[in-house]
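Undergrad: As input, take my_file.cif (mmCIF, C-alpha atoms):
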```
data_work
#
loop_
_atom_site.group_PDB
_atom_site.id
_atom_site.type_symbol
_atom_site.label_atom_id
_atom_site.label_comp_id
_atom_site.auth_asym_id
_atom_site.auth_seq_id
_atom_site.Cartn_x
_atom_site.Cartn_y
_atom_site.Cartn_z
ATOM 1 C CA MET A 9 -89.430 28.861 -49.835
ATOM 2 C CA LEU A 10 -87.985 32.092 -51.172
ATOM 3 C CA ARG A 11 -86.448 31.436 -54.580
ATOM 4 C CA THR A 12 -84.232 34.079 -56.173
ATOM 5 C CA LYS A 13 -81.571 34.374 -58.854
ATOM 6 C CA PHE A 14 -78.999 33.834 -56.116
ATOM 7 C CA THR A 15 -80.475 30.633 -54.692
ATOM 8 C CA GLU A 16 -80.808 29.205 -58.194
ATOM 9 C CA ALA A 17 -77.273 30.141 -59.273
ATOM 10 C CA PHE A 18 -75.566 28.930 -56.091
ATOM 11 C CA GLY A 19 -77.652 25.849 -55.369
ATOM 12 C CA ILE A 20 -78.923 26.764 -51.903
ATOM 13 C CA GLU A 21 -82.394 26.670 -50.367
ATOM 14 C CA HIS A 22 -82.648 30.117 -48.772
ATOM 15 C CA PRO A 23 -81.339 33.536 -49.885
ATOM 16 C CA ILE A 24 -79.305 33.989 -46.707
ATOM 17 C CA VAL A 25 -75.503 34.111 -46.493
ATOM 18 C CA GLN A 26 -73.090 34.037 -43.557
ATOM 19 C CA GLY A 27 -70.143 36.015 -44.827
ATOM 20 C CA GLY A 28 -66.534 35.518 -43.827
ATOM 21 C CA MET A 29 -65.661 36.825 -40.357
ATOM 22 C CA MET A 30 -62.162 36.824 -38.897
ATOM 23 C CA TRP A 31 -61.805 34.388 -35.979
ATOM 24 C CA VAL A 32 -65.460 33.346 -36.453
ATOM 25 C CA GLY A 33 -65.870 31.609 -39.828
ATOM 26 C CA ARG A 34 -64.984 28.115 -38.634
ATOM 27 C CA ALA A 35 -66.273 24.655 -39.476
ATOM 28 C CA GLU A 36 -68.986 24.370 -36.800
ATOM 29 C CA LEU A 37 -70.700 27.631 -37.738
ATOM 30 C CA VAL A 38 -70.292 27.208 -41.490
ATOM 31 C CA ALA A 39 -71.656 23.657 -41.436
ATOM 32 C CA ALA A 40 -74.619 24.715 -39.307
ATOM 33 C CA VAL A 41 -75.442 27.452 -41.824
ATOM 34 C CA ALA A 42 -75.162 24.997 -44.719
ATOM 35 C CA ASN A 43 -77.315 22.406 -42.970
ATOM 36 C CA ALA A 44 -79.964 25.090 -42.419
ATOM 37 C CA GLY A 45 -80.158 25.623 -46.194
ATOM 38 C CA ALA A 46 -78.218 28.893 -46.269
ATOM 39 C CA LEU A 47 -74.657 29.583 -47.467
ATOM 40 C CA GLY A 48 -71.768 29.833 -45.023
ATOM 41 C CA PHE A 49 -68.130 30.804 -45.514
ATOM 42 C CA ILE A 50 -64.980 29.584 -43.815
ATOM 43 C CA THR A 51 -62.648 32.537 -43.260
ATOM 44 C CA ALA A 52 -59.379 31.492 -44.893
ATOM 45 C CA LEU A 53 -57.079 33.828 -42.969
ATOM 46 C CA THR A 54 -58.435 32.675 -39.607
ATOM 47 C CA GLN A 55 -56.400 29.552 -40.338
ATOM 48 C CA PRO A 56 -52.667 30.049 -39.614
ATOM 49 C CA THR A 57 -51.477 28.363 -42.816
ATOM 50 C CA PRO A 58 -52.891 27.125 -46.129
ATOM 51 C CA ASP A 59 -52.525 23.562 -44.868
ATOM 52 C CA ASP A 60 -54.620 24.447 -41.826
ATOM 53 C CA LEU A 61 -57.245 25.779 -44.224
ATOM 54 C CA ARG A 62 -57.266 22.441 -46.035
ATOM 55 C CA LEU A 63 -57.934 20.708 -42.718
ATOM 56 C CA GLU A 64 -60.726 23.153 -41.836
ATOM 57 C CA ILE A 65 -62.410 22.524 -45.173
ATOM 58 C CA GLU A 66 -62.268 18.773 -44.498
ATOM 59 C CA ARG A 67 -63.676 19.298 -40.988
ATOM 60 C CA THR A 68 -66.572 21.213 -42.506
ATOM 61 C CA ARG A 69 -67.240 18.425 -45.003
ATOM 62 C CA GLU A 70 -67.445 15.976 -42.120
ATOM 63 C CA LEU A 71 -70.270 18.084 -40.678
ATOM 64 C CA THR A 72 -72.295 18.820 -43.832
ATOM 65 C CA ASP A 73 -72.850 17.546 -47.355
ATOM 66 C CA LYS A 74 -74.392 20.829 -48.499
ATOM 67 C CA PRO A 75 -72.718 23.731 -50.341
ATOM 68 C CA PHE A 76 -70.410 26.079 -48.445
ATOM 69 C CA GLY A 77 -67.646 28.447 -49.453
ATOM 70 C CA VAL A 78 -64.386 30.054 -48.361
ATOM 71 C CA ASN A 79 -63.783 33.762 -47.805
ATOM 72 C CA LEU A 80 -60.460 35.212 -48.946
ATOM 73 C CA THR A 81 -60.003 38.793 -47.746
ATOM 74 C CA ILE A 82 -57.198 40.715 -49.422
ATOM 75 C CA LEU A 83 -56.000 43.739 -47.460
ATOM 76 C CA PRO A 84 -52.858 45.905 -47.499
ATOM 77 C CA SER A 85 -50.316 44.572 -45.022
ATOM 78 C CA ILE A 86 -46.715 45.155 -44.022
ATOM 79 C CA THR A 87 -46.262 41.385 -44.220
ATOM 80 C CA PRO A 88 -48.968 40.054 -46.559
ATOM 81 C CA PRO A 89 -50.191 36.492 -46.068
ATOM 82 C CA PRO A 90 -49.403 34.060 -48.909
ATOM 83 C CA TYR A 91 -52.689 34.727 -50.710
ATOM 84 C CA GLU A 92 -51.788 32.588 -53.724
ATOM 85 C CA GLU A 93 -51.101 29.604 -51.465
ATOM 86 C CA TYR A 94 -54.436 30.041 -49.684
ATOM 87 C CA ARG A 95 -56.108 30.270 -53.090
ATOM 88 C CA GLN A 96 -54.425 27.056 -54.180
ATOM 89 C CA ALA A 97 -55.589 25.336 -50.995
ATOM 90 C CA ILE A 98 -59.149 26.329 -51.876
ATOM 91 C CA ILE A 99 -58.766 24.995 -55.414
ATOM 92 C CA ASP A 100 -57.092 21.764 -54.313
ATOM 93 C CA SER A 101 -59.851 21.132 -51.758
ATOM 94 C CA GLY A 102 -62.566 21.250 -54.397
ATOM 95 C CA VAL A 103 -64.471 24.196 -52.893
ATOM 96 C CA LYS A 104 -66.838 25.628 -55.505
ATOM 97 C CA ILE A 105 -67.767 29.025 -53.992
ATOM 98 C CA VAL A 106 -65.383 31.792 -52.901
ATOM 99 C CA GLU A 107 -66.116 35.179 -51.351
ATOM 100 C CA ILE A 108 -63.444 37.796 -52.083
ATOM 101 C CA ALA A 109 -63.276 41.027 -50.107
ATOM 102 C CA GLY A 110 -60.922 43.927 -49.538
ATOM 103 C CA ALA A 111 -59.333 44.502 -52.954
ATOM 104 C CA ASN A 112 -59.826 44.093 -56.690
ATOM 105 C CA PRO A 113 -60.988 40.490 -57.260
ATOM 106 C CA ALA A 114 -59.364 40.361 -60.707
ATOM 107 C CA THR A 115 -56.118 39.123 -59.143
ATOM 108 C CA HIS A 116 -57.802 35.857 -58.188
ATOM 109 C CA THR A 117 -61.004 35.550 -60.235
ATOM 110 C CA ALA A 118 -59.461 34.100 -63.389
ATOM 111 C CA HIS A 119 -57.571 31.409 -61.451
ATOM 112 C CA LEU A 120 -60.675 30.419 -59.507
ATOM 113 C CA LYS A 121 -63.033 30.356 -62.473
ATOM 114 C CA GLU A 122 -60.632 28.118 -64.400
ATOM 115 C CA HIS A 123 -61.576 25.487 -61.831
ATOM 116 C CA GLY A 124 -65.330 26.065 -62.008
ATOM 117 C CA ILE A 125 -65.463 28.119 -58.821
ATOM 118 C CA LYS A 126 -68.188 30.738 -58.437
ATOM 119 C CA VAL A 127 -66.984 34.061 -57.024
ATOM 120 C CA ILE A 128 -68.862 36.548 -54.843
ATOM 121 C CA HIS A 129 -67.219 39.926 -54.342
ATOM 122 C CA LYS A 130 -67.955 42.232 -51.428
ATOM 123 C CA ALA A 131 -68.165 45.883 -52.469
ATOM 124 C CA THR A 132 -69.076 49.116 -50.677
ATOM 125 C CA SER A 133 -69.865 51.237 -53.729
ATOM 126 C CA VAL A 134 -71.725 50.890 -57.013
ATOM 127 C CA LYS A 135 -68.538 51.765 -58.880
ATOM 128 C CA HIS A 136 -66.619 48.874 -57.362
ATOM 129 C CA ALA A 137 -69.565 46.501 -57.814
ATOM 130 C CA VAL A 138 -69.721 47.313 -61.526
ATOM 131 C CA LYS A 139 -65.962 46.808 -61.815
ATOM 132 C CA ALA A 140 -66.270 43.418 -60.110
ATOM 133 C CA GLN A 141 -68.964 42.378 -62.581
ATOM 134 C CA SER A 142 -66.725 43.426 -65.466
ATOM 135 C CA VAL A 143 -63.934 41.082 -64.322
ATOM 136 C CA GLY A 144 -66.285 38.112 -64.171
ATOM 137 C CA VAL A 145 -67.566 37.629 -60.627
ATOM 138 C CA ASP A 146 -70.818 35.701 -60.328
ATOM 139 C CA ALA A 147 -72.486 37.823 -57.632
ATOM 140 C CA VAL A 148 -71.859 40.946 -55.590
ATOM 141 C CA SER A 149 -72.463 41.542 -51.891
ATOM 142 C CA ILE A 150 -73.095 45.267 -51.542
ATOM 143 C CA ASP A 151 -72.230 46.542 -48.049
ATOM 144 C CA GLY A 152 -74.157 49.544 -46.801
ATOM 145 C CA PHE A 153 -72.907 52.035 -44.214
ATOM 146 C CA GLU A 154 -74.718 50.092 -41.480
ATOM 147 C CA CYS A 155 -72.413 47.090 -41.765
ATOM 148 C CA ALA A 156 -69.801 45.855 -39.335
ATOM 149 C CA GLY A 157 -66.205 46.045 -40.450
ATOM 150 C CA HIS A 158 -65.269 48.281 -43.368
ATOM 151 C CA PRO A 159 -68.230 50.183 -44.914
ATOM 152 C CA GLY A 160 -66.095 52.234 -47.300
ATOM 153 C CA GLU A 161 -65.736 55.995 -47.269
ATOM 154 C CA ASN A 162 -68.946 57.133 -48.972
ATOM 155 C CA ASP A 163 -71.306 56.572 -46.011
ATOM 156 C CA ILE A 164 -74.211 55.425 -48.212
ATOM 157 C CA PRO A 165 -76.822 53.370 -46.319
ATOM 158 C CA GLY A 166 -78.417 50.278 -47.788
ATOM 159 C CA LEU A 167 -81.764 51.925 -48.497
ATOM 160 C CA VAL A 168 -80.060 53.857 -51.305
ATOM 161 C CA LEU A 169 -77.007 51.702 -52.059
ATOM 162 C CA ILE A 170 -78.860 48.444 -52.704
ATOM 163 C CA PRO A 171 -81.268 49.676 -55.423
ATOM 164 C CA ALA A 172 -78.510 51.829 -56.903
ATOM 165 C CA ALA A 173 -76.361 48.718 -57.326
ATOM 166 C CA VAL A 174 -79.227 46.556 -58.586
ATOM 167 C CA ARG A 175 -79.958 49.150 -61.275
ATOM 168 C CA GLU A 176 -76.427 48.818 -62.669
ATOM 169 C CA LEU A 177 -75.805 45.085 -62.320
ATOM 170 C CA ASP A 178 -76.994 42.011 -64.198
ATOM 171 C CA ILE A 179 -75.585 39.447 -61.754
ATOM 172 C CA PRO A 180 -77.240 38.547 -58.423
ATOM 173 C CA VAL A 181 -76.875 41.093 -55.624
ATOM 174 C CA LEU A 182 -76.709 40.353 -51.903
ATOM 175 C CA ALA A 183 -77.674 43.101 -49.470
ATOM 176 C CA SER A 184 -75.349 43.470 -46.502
ATOM 177 C CA GLY A 185 -75.372 45.773 -43.478
ATOM 178 C CA GLY A 186 -78.041 46.288 -40.847
ATOM 179 C CA ILE A 187 -79.880 43.012 -41.551
ATOM 180 C CA ALA A 188 -80.697 40.662 -38.690
ATOM 181 C CA ASP A 189 -84.260 39.431 -39.136
ATOM 182 C CA ALA A 190 -87.141 38.780 -41.527
ATOM 183 C CA HIS A 191 -87.971 42.460 -41.880
ATOM 184 C CA GLY A 192 -84.463 43.100 -43.195
ATOM 185 C CA LEU A 193 -84.666 40.167 -45.590
ATOM 186 C CA VAL A 194 -88.012 41.279 -47.006
ATOM 187 C CA ALA A 195 -86.804 44.873 -47.277
ATOM 188 C CA ALA A 196 -83.695 43.746 -49.163
ATOM 189 C CA LEU A 197 -85.796 41.731 -51.603
ATOM 190 C CA ALA A 198 -88.114 44.714 -52.069
ATOM 191 C CA LEU A 199 -85.089 46.880 -52.897
ATOM 192 C CA GLY A 200 -84.146 44.447 -55.656
ATOM 193 C CA ALA A 201 -81.544 42.280 -53.923
ATOM 194 C CA ASP A 202 -81.498 38.526 -54.452
ATOM 195 C CA GLY A 203 -80.518 37.686 -50.885
ATOM 196 C CA VAL A 204 -78.857 38.971 -47.734
ATOM 197 C CA ASN A 205 -75.383 38.634 -46.256
ATOM 198 C CA MET A 206 -75.278 38.746 -42.433
ATOM 199 C CA GLY A 207 -72.317 38.868 -40.089
ATOM 200 C CA THR A 208 -73.274 40.230 -36.681
ATOM 201 C CA ARG A 209 -76.491 38.184 -36.543
ATOM 202 C CA PHE A 210 -74.592 34.916 -37.176
ATOM 203 C CA LEU A 211 -71.934 36.042 -34.704
ATOM 204 C CA CYS A 212 -74.632 35.810 -32.057
ATOM 205 C CA THR A 213 -75.738 32.190 -32.519
ATOM 206 C CA GLN A 214 -75.101 29.075 -30.495
ATOM 207 C CA GLU A 215 -72.730 27.568 -33.076
ATOM 208 C CA SER A 216 -70.594 30.704 -33.275
ATOM 209 C CA SER A 217 -67.236 29.998 -31.628
ATOM 210 C CA ILE A 218 -66.920 33.357 -29.838
ATOM 211 C CA HIS A 219 -67.155 33.624 -26.058
ATOM 212 C CA GLN A 220 -70.623 33.630 -24.519
ATOM 213 C CA SER A 221 -69.917 36.999 -22.845
ATOM 214 C CA VAL A 222 -69.504 38.637 -26.251
ATOM 215 C CA LYS A 223 -72.783 37.162 -27.476
ATOM 216 C CA GLU A 224 -74.563 38.447 -24.376
ATOM 217 C CA LYS A 225 -73.002 41.869 -24.921
ATOM 218 C CA ILE A 226 -74.389 41.965 -28.467
ATOM 219 C CA VAL A 227 -77.856 41.142 -27.122
ATOM 220 C CA ALA A 228 -77.538 43.880 -24.490
ATOM 221 C CA ASN A 229 -76.270 46.491 -26.960
ATOM 222 C CA SER A 230 -78.488 48.882 -28.906
ATOM 223 C CA GLU A 231 -78.149 50.329 -32.389
ATOM 224 C CA LEU A 232 -76.179 53.186 -30.790
ATOM 225 C CA ASP A 233 -73.390 50.963 -29.488
ATOM 226 C CA THR A 234 -70.837 51.066 -32.295
ATOM 227 C CA LYS A 235 -67.920 53.360 -33.084
ATOM 228 C CA LEU A 236 -66.340 54.356 -36.376
ATOM 229 C CA ILE A 237 -62.563 54.133 -36.166
ATOM 230 C CA PHE A 238 -59.851 54.879 -38.743
ATOM 231 C CA ARG A 239 -61.948 57.746 -40.120
ATOM 232 C CA THR A 240 -58.922 60.049 -40.233
ATOM 233 C CA LEU A 241 -56.934 57.322 -41.983
ATOM 234 C CA HIS A 242 -59.591 56.953 -44.709
ATOM 235 C CA ASN A 243 -60.000 53.278 -43.823
ATOM 236 C CA THR A 244 -63.207 53.474 -41.792
ATOM 237 C CA ALA A 245 -64.197 50.483 -39.700
ATOM 238 C CA ARG A 246 -67.363 49.995 -37.647
ATOM 239 C CA VAL A 247 -66.643 48.232 -34.367
ATOM 240 C CA ALA A 248 -68.362 47.700 -31.037
ATOM 241 C CA ASP A 249 -68.417 50.638 -28.634
ATOM 242 C CA ASN A 250 -66.041 49.788 -25.796
ATOM 243 C CA ALA A 251 -63.172 51.279 -23.806
ATOM 244 C CA ILE A 252 -60.649 50.613 -26.578
ATOM 245 C CA SER A 253 -62.678 51.926 -29.518
ATOM 246 C CA ARG A 254 -63.505 55.100 -27.582
ATOM 247 C CA GLN A 255 -59.809 55.584 -26.866
ATOM 248 C CA VAL A 256 -58.946 55.109 -30.540
ATOM 249 C CA VAL A 257 -61.520 57.714 -31.591
ATOM 250 C CA GLU A 258 -60.140 60.233 -29.103
ATOM 251 C CA ILE A 259 -56.564 59.681 -30.276
ATOM 252 C CA GLU A 260 -57.637 60.205 -33.873
ATOM 253 C CA LYS A 261 -59.519 63.388 -32.959
ATOM 254 C CA ALA A 262 -56.361 64.713 -31.309
ATOM 255 C CA GLY A 263 -54.421 64.217 -34.532
ATOM 256 C CA GLY A 264 -52.847 60.862 -33.741
ATOM 257 C CA THR A 265 -51.332 58.653 -36.409
ATOM 258 C CA PHE A 266 -51.692 54.921 -36.961
ATOM 259 C CA ALA A 267 -48.525 54.393 -34.924
ATOM 260 C CA ASP A 268 -50.337 55.908 -31.933
ATOM 261 C CA ILE A 269 -53.158 53.355 -32.106
ATOM 262 C CA GLN A 270 -51.436 50.344 -33.637
ATOM 263 C CA ASP A 271 -51.215 48.356 -30.415
ATOM 264 C CA LEU A 272 -54.817 49.156 -29.433
ATOM 265 C CA VAL A 273 -56.249 47.860 -32.710
ATOM 266 C CA SER A 274 -54.077 44.770 -33.100
ATOM 267 C CA GLY A 275 -55.735 41.600 -34.303
ATOM 268 C CA LYS A 276 -54.187 39.773 -31.359
ATOM 269 C CA ARG A 277 -56.216 41.901 -28.940
ATOM 270 C CA GLY A 278 -59.397 41.465 -30.968
ATOM 271 C CA ARG A 279 -58.939 37.717 -30.993
ATOM 272 C CA LYS A 280 -58.591 37.816 -27.189
ATOM 273 C CA VAL A 281 -62.048 39.410 -26.973
ATOM 274 C CA PHE A 282 -63.654 36.577 -28.905
ATOM 275 C CA GLU A 283 -61.748 33.784 -27.183
ATOM 276 C CA GLU A 284 -61.627 34.996 -23.571
ATOM 277 C CA GLY A 285 -64.775 37.130 -23.388
ATOM 278 C CA ASP A 286 -63.208 40.377 -22.124
ATOM 279 C CA VAL A 287 -65.228 42.811 -24.253
ATOM 280 C CA ASP A 288 -62.831 45.674 -23.453
ATOM 281 C CA ALA A 289 -59.624 43.807 -24.337
ATOM 282 C CA GLY A 290 -59.499 45.102 -27.913
ATOM 283 C CA ILE A 291 -61.602 46.219 -30.844
ATOM 284 C CA TRP A 292 -64.145 43.800 -32.309
ATOM 285 C CA THR A 293 -66.447 44.273 -35.256
ATOM 286 C CA ALA A 294 -70.185 44.659 -34.795
ATOM 287 C CA GLY A 295 -72.891 46.285 -36.882
ATOM 288 C CA ILE A 296 -75.695 48.591 -35.834
ATOM 289 C CA CYS A 297 -78.102 45.663 -36.252
ATOM 290 C CA GLN A 298 -77.085 44.817 -32.661
ATOM 291 C CA GLY A 299 -80.165 46.843 -31.780
ATOM 292 C CA LEU A 300 -82.344 44.199 -33.471
ATOM 293 C CA ILE A 301 -80.742 41.159 -31.826
ATOM 294 C CA THR A 302 -82.537 39.936 -28.711
ATOM 295 C CA ASP A 303 -81.527 36.272 -28.433
ATOM 296 C CA ILE A 304 -78.844 33.664 -29.106
ATOM 297 C CA PRO A 305 -80.597 30.994 -31.188
ATOM 298 C CA THR A 306 -79.244 27.987 -33.014
ATOM 299 C CA VAL A 307 -78.422 28.701 -36.639
ATOM 300 C CA ALA A 308 -81.222 26.375 -37.741
ATOM 301 C CA ALA A 309 -83.777 28.212 -35.610
ATOM 302 C CA LEU A 310 -82.572 31.601 -36.871
ATOM 303 C CA VAL A 311 -82.766 30.683 -40.548
ATOM 304 C CA GLU A 312 -86.136 28.923 -40.197
ATOM 305 C CA ARG A 313 -87.539 31.923 -38.319
ATOM 306 C CA MET A 314 -86.288 34.424 -40.874
ATOM 307 C CA VAL A 315 -87.714 32.488 -43.802
ATOM 308 C CA SER A 316 -91.105 31.697 -42.240
ATOM 309 C CA GLU A 317 -91.582 35.228 -40.907
ATOM 310 C CA SER A 318 -90.558 36.667 -44.292
ATOM 311 C CA GLU A 319 -93.228 34.561 -45.983
ATOM 312 C CA ASP A 320 -95.758 35.742 -43.400
ATOM 313 C CA ILE A 321 -94.860 39.381 -44.033
ATOM 314 C CA ILE A 322 -95.072 38.999 -47.808
ATOM 315 C CA ARG A 323 -98.326 37.002 -47.814
ATOM 316 C CA GLY A 324 -99.868 38.830 -44.881
ATOM 317 C CA ARG A 325 -99.157 42.468 -44.179
ATOM 318 C CA LEU A 326 -97.798 43.401 -47.608
ATOM 319 C CA SER A 327 -100.474 41.636 -49.620
ATOM 320 C CA SER A 328 -103.166 43.221 -47.444
ATOM 321 C CA LEU A 329 -101.915 46.660 -48.415
ATOM 322 C CA VAL A 330 -102.966 46.066 -52.029
ATOM 323 C CA SER A 331 -106.038 43.920 -51.467
ATOM 324 C CA ASP A 332 -108.296 46.961 -51.957
ATOM 325 C CA PRO A 333 -108.059 49.785 -54.484
ATOM 326 C CA ILE A 334 -105.478 52.382 -53.455
ATOM 327 C CA SER A 335 -106.971 55.828 -52.982
ATOM 328 C CA VAL A 336 -104.873 58.866 -53.777
ATOM 329 C CA ARG A 337 -105.723 62.259 -52.344
ATOM 330 C CA SER A 338 -105.473 65.100 -54.770
#
```
Is it possible to give me this structure as structure tokens?

TA:
Amino acid sequence: MLRTKFTEAFGIEHPIVQGGMMWVGRAELVAAVANAGALGFITALTQPTPDDLRLEIERTRELTDKPFGVNLTILPSITPPPYEEYRQAIIDSGVKIVEIAGANPATHTAHLKEHGIKVIHKATSVKHAVKAQSVGVDAVSIDGFECAGHPGENDIPGLVLIPAAVRELDIPVLASGGIADAHGLVAALALGADGVNMGTRFLCTQESSIHQSVKEKIVANSELDTKLIFRTLHNTARVADNAISRQVVEIEKAGGTFADIQDLVSGKRGRKVFEEGDVDAGIWTAGICQGLITDIPTVAALVERMVSESEDIIRGRLSSLVSDPISVRS
């Protein structure tokens, strides 16, 4: 077993996290992740109301007796969801781990920690990670440029971002972006992280609720099959390369505004992709780690494979590199 500061602090077996994913973080997937010894997150805003979230938490508890959490993503909106009511649903349900993403966690951290809830904050820069630590979060998930969804505006890949964050933080750090297998897990640990946060890889598992056609598309895709949209709006998002994302990029290049692409990028269309399997119906998030995904395993098989292969890499190939004196040419 791979024991880290993160596994010890959060009471899980393996340093692997399934982060919150819109339309995906539901009871079946989250419970499967928990039962495999990793940490899964229900996505709060996938549920239409706070009361629906309460029911989803109970459904998850019926499927696992191991730790799991809830993701609460806070984003600018013309009509914001009732974040405080979702937060209260989390508190009332006795959930002990929350992942906050999208905005300053200070708005919610104090309320959550009053109830003994551990908070993980997703950040895309060292500056924001340090700020999150200063307001009392218990761990940071640092998202490199490779990640699906919003990688920030600095375009710093994990190879640099992860050790840069680790150098500045005292709390556990999760590496996120571009990780889909044991090699990514071992690399993250070597860079100083205490675990990994995966989205696209868990998207493509048997317990994931998305349509089989989308999973097969992820397997077929390479590391080249993503697009960066909203670049001109300074709200960059990495999504799968399809007819809609290509159209959005072209409209932006021509000087279009958000009003010109609003219908194309609607959440309603993205949800249709996941539920009906038409991969060109709307935009849907996917990371460049698509190029590393070659199958659609059960969550249990994926986690077991990652952990056992990581141990093999550490005890085998890496240890063999230092089994003899290292010669240095002058």

Undergrad: Convert the output of the PyMOL selection byres ((chain A and resi 230) around 12) on the shown file into explicit residues, formatted as a list in words.

TA: Lys225, Ile226, Val227, Ala228, Asn229, Glu231, Leu232, Asp233, Thr234, Ala248, Asp249, Ala294, Gly295, Ile296, Cys297, Gln298, Gly299, Leu300, Ile301 and Thr302 of chain A

Undergrad: Would you pick out the contacts of Pro171 of chain A at 12 Å or less, using all atoms listed in the file, so that residues sharing its chain but fewer than 5 positions from it are not included, and give the list as a list in words?

TA: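 Within the cut-off, the hits are Ser133, Val134, Ile150, Gly152, Ile164, Pro165, Gly166, Glu176, Leu177, Val181, Leu182, Ala183, Ala195, Ala196, Leu197, Ala198, Leu199, Gly200, Ala201 and Asp202 of chain A.
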
Undergrad: May I have the protein, DNA and RNA residues with any atom at most 9 Å from the point (-55.9, 46.9, -21.1), counting all atoms listed in the file, written as a VMD selection string?

TA: chain A and resid 251 to 252 272 288 to 290

Undergrad: Tell me which residues come within 8 Å of (-72.3, 51.8, -38.9), as number ranges by chain, counting all atoms listed in the file in the file's coordinates.

TA: A: 153-156, 159, 234-236, 246, 295-296

Undergrad: Please write the residues picked by the PyMOL selection byres ((chain A and resi 82-92) around 10) on this file as a list in words.

TA: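 After applying the PyMOL selection byres ((chain A and resi 82-92) around 10), what remains is Ala52, Leu53, Pro56, Thr57, Pro58, Asn79, Leu80, Thr81, Glu93, Tyr94, Arg95, Gln96, Ala97, Ile98, Ile108, Ala109, Gly110, Ala111, Asn112, Pro113, Thr115, His116 and His119 of chain A.
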
Undergrad: Show me, as a PyMOL selection string, the residues that have an atom within 6 Å of Val78 of chain A when counting all atoms listed in the file, minus same-chain residues fewer than 2 positions from it.

TA: chain A and resi 49-51+106

Undergrad: Give the answer as one residue: which of A:Gln55, A:Thr132, A:Asn205, A:Ser316 has the shortest atom-to-atom distance to Asp163 of chain A, using only C-alpha atoms?

TA: A:Thr132

Undergrad: Quick one: apply the PyMOL selection byres ((chain A and resi 161) around 8) to the file and drop the selected residues here as a list in words.

TA: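 With the PyMOL selection byres ((chain A and resi 161) around 8) on this model, the match is Pro159, Gly160, Asn162, Asp163, His242, Asn243 and Thr244 of chain A.
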
Undergrad: For Val287 of chain A, which residue among A:Ser149, A:Thr265, A:Thr306, A:Ser253 is the nearest when counting all atoms listed in the file?

TA: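 For Val287 of chain A, the nearest of the candidates is A:Ser253.
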
Undergrad: So the first atom is atom CA of Ala35 of chain A and the second is atom CA of Thr68 of chain A; what is the distance between them in Å, to one decimal place?

TA: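 Distance reported for this atom pair: 4.6 Å.
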
Undergrad: So which one's closest to Gln26 of chain A, A:Gly186, A:Gly263, A:Gly48, A:Gly203? Using only C-alpha atoms, please.

TA: A:Gly48

Undergrad: If you measure from atom CA of Gln270 of chain A to atom CA of Met30 of chain A, what distance in Å do you get, rounded to one decimal?

TA: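 Distance reported for this atom pair: 18.0 Å.
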
Undergrad: Which one is closest to Leu37 of chain A: A:Ala262, A:Ala245, A:Ile218, A:Ala147? Count all atoms listed in the file.

TA: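 With all atoms listed in the file as the atom set, the closest residue is A:Ile218.
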
Undergrad: Looking at all atoms listed in the file, which of A:Ala44, A:Ile99, A:Leu193, A:Ala188 is the one that sits closest to Met206 of chain A?

TA: A:Ala188
